[in-house]
Structures are given as C-alpha cells and as structure tokens.
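**Student:** Mind looking over this structure? Questions follow.
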Amino acid sequence: MAKQKKAMDFEVDLIAVSSVLAVQICAMLLTAVWIHLGTMNVKQAVGGQSQAETKKVPALWAKMGAGGTITFRLQDIASAPKNLQVVDVAGVNNEFNLAGIAAHVEAIRKIAPDLRTVLIQPDGDSMYEKIIQLMDHFKSVGMIDLGVAPL
Amino acid sequence: MIGRSIIKETALCSPIGASSTLSPKGGMVKRHLAAGVTLTSLVDAFSILVIYLLVSFAESGEVLYIAKDMELPTANQSAPLERATVVKLESGKIYIEDKEIEPSSLMEALVDVRKQLAAMHGDAEGFEPALTVQADRRAYYKELNQIVHASAQSGFNEVRFAVLAP
C-alpha cells in the first residue's frame with residue numbers, strides 16, 4: 001500500500017496581514033506624509049566672537065521694526081550709492097511689504113551681484129513666525145546665507 | 001487537504017457570480033447576499049503603499065516630537081531635517097533633547113554637548129556642530145534670544161529652526 005503523499009502547501013491568513021499593513025499605513029501617513037518637517041538654517045555669523053575674529057564680509061543688515069517695517073543697512077559695500085546704504089521699507093497693514101523688500105534686494109544686487117548674506121536683527125517683541133517668514137522671503141529672492149543677531 | 005482549507009470554508013460567493021446568466025446551473029445556485037473580498041489584491045495594494053511610504057519616510061530619517069499645543073512656523077524654502085541636538089522652547093522652559101535646563105546654565109550645557117560631539121567626531125573634516133531649535137510660532141524673540149545667544153557663545157556654528165514645510 002502506497003503511502004499518502006504529504007502535502008507541502010500551507011496557507012497564510014491574509015486578514016491578519018492586511019490588518020498589520022493597514023496599521024502601518026495609517027501610522028506612516030500621520031507621521032511622514034501629513035507632517036513635513038524641515039529646517040531654516042542659519043549660520044552664526046554674529047554672536048559671541050570678538051570684533052577681531054569677525055570676518056568682514058559684505059552683508060545686508062535687516063532690522064525688524066514695529067508694524068512690519070524693515071530697516072536695511074549695507075555693510076562693507078563701498079560701491080553702493082548713499083541712497084541705498086540705509087533704507088526703510090515700511091510695512092503694509094502690520095505685515096512685511098514683501099514686494100518692497102524684494103525690489104530693494106534686487107536694487108542692491110545690481111550693485112553687488114555676489115551679495116548673498118543677510119543678517120537679521122529682530123527686536124525682543126518680534127514674533128518667531130515673522131522672523132521665519134522674513135528668512136523664507138530672503139531665501140526666495142536668492143539671499144541664501146542668513147544670520148540672526150542676538151539682542 | 002485543500003478541500004478542507006480555511007479559504008474554502010470562509011470564501012463567500014459573490015452575488016454577481018451567483019446570478020450570472022452564463023452559469024450552466026442557471027438559477028439553481030443558492031444566492032448569497034454577502035460579497036466576497038479578494039484579500040490577495042488588497043494585500044498587494046497595501047504592500048505597495050507601505051513601500052512607497054517607507055521610501056518617503058526615509059528621506060531624512062529624522063523625526064521631531066512636537067507637543068500638542070506647539071505650532072511650528074511654516075516656510076517654503078526649508079532644508080530637509082537632519083540629525084542635530086534639539087533645543088526646545090516650550091511654555092517658557094528650555095529643553096535639550098527633552099531634558100529641562102535652567103536658562104542660567106544653558107550655555108554650560110551646550111558647551112558640554114559640543115565637547116561630546118567633538119569627542120565623537122574627532123578631527124573629522126567638515127564637522128560643524130549644529131543645533132535644531134524647536135519653538136512655537138507665537139513665541140517672542142526675547143524668549144528665543146537666550147538660545148541663539150548661548151549657541152553662538154558655545155561654538156555652534158549653525159542653528160536650524162524647525163519649520164513645517166508645505
């Protein structure tokens with residue numbers, strides 16, 4: 001009498017597999033897809049170092065004032081005309097005048113095409129969100145080296 | 001063996017199949033009201049989704065733990081999140097990697113962190129210590145200033161402000 005052939009097939013309960021996959025998808029959708037985190041990187045060009053250690057590089061200072069006003073001051077760009085050395089760009093409805101800021105940066109870069117550095121000087125009552133908004137705007141107009149000055 | 005399989009026992013006839021006019025048994029087949037689900041294709045679809053999400057998740061591999069009441073600012077021009085020491089400002093308190101630090105001893109704590117990082121990296125070329133600063137978008141700069149000031153004093157060349165990328 002021939003022995004009965006042992007079956008080599010086995011079955012996988014796919015319901016459990018699909019449940020595990022569904023949980024994984026939900027977890028990853030919540031963490032990886034819906035919340036995209038990034039960083040706004042700032043070089044510490046200003047801060048604790050002494051005056052002698054500080055490298056003199058052409059830079060644009062942007063002092064944040066009340067009502068969205070930004071006071072721009074050029075540093076170490078001797079070729080710039082006097083009317084561009086210190087310029088106030090007034091805010092609009094307590095917000096930054098983004099178009100005005102972009103136009104001013106464009107005017108400066110006609111004189112100093114290699115200028116990439118902006119040093120932001122917030123005041124104590126500047127909101128973090130506004131500082132980031134300003135940094136974001138500077139990056140979007142090509143000023144990629146950002147610094148932020150302590151109070 | 002296959003005749004007693006779990007698939008056969010749990011499989012349900014679909015109403016469409018049971019009422020098919022092409023069926024040689026015609027209306028003799030008992031109609032079931034419950035529809036069967038083909039789990040194999042469902043698992044395939046789920047697997048593709050999981051792989052896709054894993055790939056996008058592994059873009060930087062970094063995750064920040066954000067408190068429920070904390071809202072990060074939004075920025076379009078953000079860089080991908082990279083691993084760095086996290087300094088968090090939450091409800092006026094400062095944390096370094098979830099450990100609360102007194103504002104007066106923040107600088108000493110950051111100097112220690114920097115020394116540890118330097119010891120780990122040795123004289124590795126291109127090593128620049130960086131901090132990731134995590135704060136609520138409504139925070140005032142006078143609160144953040146102590147972190148910015150202490151990081152500059154303790155030799156962190158780069159500060160990365162955590163933001164939400166749209």
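Chain labels A, B, ... are given in the sequence in which chains occur in the structure tokens; within each chain residues are numbered consecutively from 1, and ligands are likewise numbered from 1 in the order shown.
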Using only C-alpha atoms, find the residues of chain A whose closest atom to chain B is at most 9 Å away, then write them as a PyMOL selection string.

**Tutor:** chain A and resi 7+9+11+13-15+17-18+21-22+24-25+28-29+31-33+35-49+122-133+135-137+139-140+148-151

**Student:** Just checking: using only C-alpha atoms, which residue out of A:Val23, A:Lys110, A:Leu119, A:Asn94 ends up closest to A:Phe72?

**Tutor:** A:Leu119

**Student:** Applying 12 Å and only C-alpha atoms, which residues near A:Val87 remain after dropping the ones on its own chain fewer than 3 positions away? List them as a ChimeraX atom specification.

**Tutor:** /A:60-63,69-74,81-84,90,100-101,103-105,107-108

**Student:** Find the residue from B:Glu102, B:Leu89, B:Ala84, B:Ala67 that sits nearest to B:Arg114; use only C-alpha atoms when measuring.

**Tutor:**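 Counting only C-alpha atoms, the residue closest to B:Arg114 is B:Ala84.
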
**Student:** Where does DSSP see strand (DSSP E) in chain A, if you list the residues as a ChimeraX atom specification?

**Tutor:** /A:37-43,59-64,70-75,86-89,117-121,145-148

**Student:** Export N, CA, C and O atoms of the chosen residues as a compact mmCIF listing (two decimals), in the first residue's frame?

**Tutor:**
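Wrote out08.txt, looks like this:
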```txt
# COMPACT_ATOMS: atom_id res chain seq x y z
N LEU A 37 8.37 68.05 7.99
CA LEU A 37 9.20 68.95 8.79
C LEU A 37 10.47 69.29 8.02
O LEU A 37 11.00 68.47 7.29
N GLY A 38 10.90 70.51 8.20
CA GLY A 38 12.15 70.94 7.59
C GLY A 38 12.85 71.90 8.54
O GLY A 38 12.39 72.09 9.67
N THR A 39 13.93 72.48 8.09
CA THR A 39 14.62 73.45 8.94
C THR A 39 15.00 74.67 8.13
O THR A 39 15.24 74.58 6.92
N MET A 40 15.03 75.79 8.81
CA MET A 40 15.52 77.03 8.23
C MET A 40 16.91 77.23 8.83
O MET A 40 17.03 77.51 10.02
N ASN A 41 17.93 77.02 8.02
CA ASN A 41 19.30 77.01 8.55
C ASN A 41 19.92 78.40 8.58
O ASN A 41 19.82 79.14 7.60
N VAL A 42 20.53 78.68 9.69
CA VAL A 42 21.11 80.00 9.92
C VAL A 42 22.55 79.82 10.37
O VAL A 42 22.81 79.05 11.29
N LYS A 43 23.45 80.49 9.70
CA LYS A 43 24.85 80.46 10.12
C LYS A 43 25.05 81.49 11.23
O LYS A 43 24.51 82.59 11.15
N ALA A 59 27.58 92.43 3.58
CA ALA A 59 26.33 91.87 4.10
C ALA A 59 25.25 92.94 4.11
O ALA A 59 25.55 94.14 4.06
N LEU A 60 24.05 92.47 4.18
CA LEU A 60 22.90 93.37 4.28
C LEU A 60 22.26 93.12 5.64
O LEU A 60 21.86 91.99 5.95
N TRP A 61 22.19 94.16 6.43
CA TRP A 61 21.52 94.05 7.73
C TRP A 61 20.05 94.40 7.55
O TRP A 61 19.71 95.36 6.87
N ALA A 62 19.20 93.61 8.19
CA ALA A 62 17.76 93.87 8.13
C ALA A 62 17.23 93.95 9.56
O ALA A 62 17.14 92.95 10.25
N LYS A 63 16.94 95.17 9.98
CA LYS A 63 16.47 95.37 11.35
C LYS A 63 14.94 95.40 11.35
O LYS A 63 14.33 96.17 10.62
N MET A 64 14.37 94.52 12.14
CA MET A 64 12.92 94.42 12.19
C MET A 64 12.37 95.48 13.15
O MET A 64 12.79 95.55 14.30
N ILE A 70 11.05 97.25 7.91
CA ILE A 70 12.40 96.69 7.90
C ILE A 70 13.37 97.81 7.53
O ILE A 70 13.17 98.50 6.51
N THR A 71 14.38 97.98 8.35
CA THR A 71 15.42 98.97 8.05
C THR A 71 16.64 98.22 7.52
O THR A 71 17.23 97.40 8.23
N PHE A 72 16.98 98.49 6.27
CA PHE A 72 18.11 97.81 5.62
C PHE A 72 19.35 98.69 5.74
O PHE A 72 19.28 99.91 5.54
N ARG A 73 20.47 98.05 6.05
CA ARG A 73 21.73 98.79 6.13
C ARG A 73 22.81 97.92 5.49
O ARG A 73 22.90 96.72 5.78
N LEU A 74 23.58 98.52 4.62
CA LEU A 74 24.64 97.77 3.94
C LEU A 74 25.92 97.78 4.76
O LEU A 74 26.26 98.79 5.39
N GLN A 75 26.62 96.67 4.74
CA GLN A 75 27.89 96.57 5.46
C GLN A 75 28.98 96.20 4.47
O GLN A 75 28.85 95.21 3.74
N VAL A 86 21.27 103.07 3.73
CA VAL A 86 20.26 102.82 4.78
C VAL A 86 18.89 103.12 4.18
O VAL A 86 18.64 104.23 3.71
N VAL A 87 18.05 102.10 4.17
CA VAL A 87 16.72 102.25 3.56
C VAL A 87 15.67 101.61 4.47
O VAL A 87 15.87 100.51 4.98
N ASP A 88 14.57 102.32 4.66
CA ASP A 88 13.44 101.77 5.40
C ASP A 88 12.40 101.25 4.40
O ASP A 88 12.02 101.98 3.48
N VAL A 89 11.96 100.02 4.60
CA VAL A 89 10.83 99.51 3.80
C VAL A 89 9.67 99.36 4.77
O VAL A 89 9.66 98.46 5.63
N THR A 117 24.51 87.47 1.67
CA THR A 117 24.39 87.38 3.12
C THR A 117 23.42 88.44 3.67
O THR A 117 23.57 89.62 3.38
N VAL A 118 22.49 87.98 4.44
CA VAL A 118 21.58 88.89 5.15
C VAL A 118 21.66 88.57 6.64
O VAL A 118 21.56 87.40 7.03
N LEU A 119 21.87 89.58 7.43
CA LEU A 119 21.89 89.41 8.88
C LEU A 119 20.64 90.07 9.44
O LEU A 119 20.45 91.28 9.33
N ILE A 120 19.80 89.25 10.02
CA ILE A 120 18.52 89.74 10.52
C ILE A 120 18.68 90.16 11.98
O ILE A 120 19.27 89.43 12.78
N GLN A 121 18.15 91.32 12.27
CA GLN A 121 18.26 91.86 13.62
C GLN A 121 16.85 92.07 14.17
O GLN A 121 16.26 93.14 14.01
N ASP A 145 22.54 83.03 2.44
CA ASP A 145 23.32 82.96 3.69
C ASP A 145 22.68 83.87 4.73
O ASP A 145 22.81 85.09 4.64
N LEU A 146 22.03 83.26 5.67
CA LEU A 146 21.29 84.05 6.65
C LEU A 146 21.95 83.96 8.01
O LEU A 146 22.55 82.95 8.38
N GLY A 147 21.84 85.05 8.73
CA GLY A 147 22.31 85.07 10.11
C GLY A 147 21.28 85.80 10.95
O GLY A 147 20.48 86.59 10.42
N VAL A 148 21.27 85.50 12.23
CA VAL A 148 20.34 86.20 13.10
C VAL A 148 21.12 86.72 14.30
O VAL A 148 21.94 86.00 14.88
```

**Student:** Pick out the closest residue to B:Lys88 from this set: B:Asp69, B:Asp112, B:Glu100, B:Glu128. Count only C-alpha atoms.

**Tutor:**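 Result for the nearest residue to B:Lys88: B:Glu100.
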
**Student:** Excluding same-chain residues fewer than 5 positions from B:Phe127, what lies within 10 Å of it counting only C-alpha atoms, as a PyMOL selection string?

**Tutor:** chain B and resi 117-118+121-122
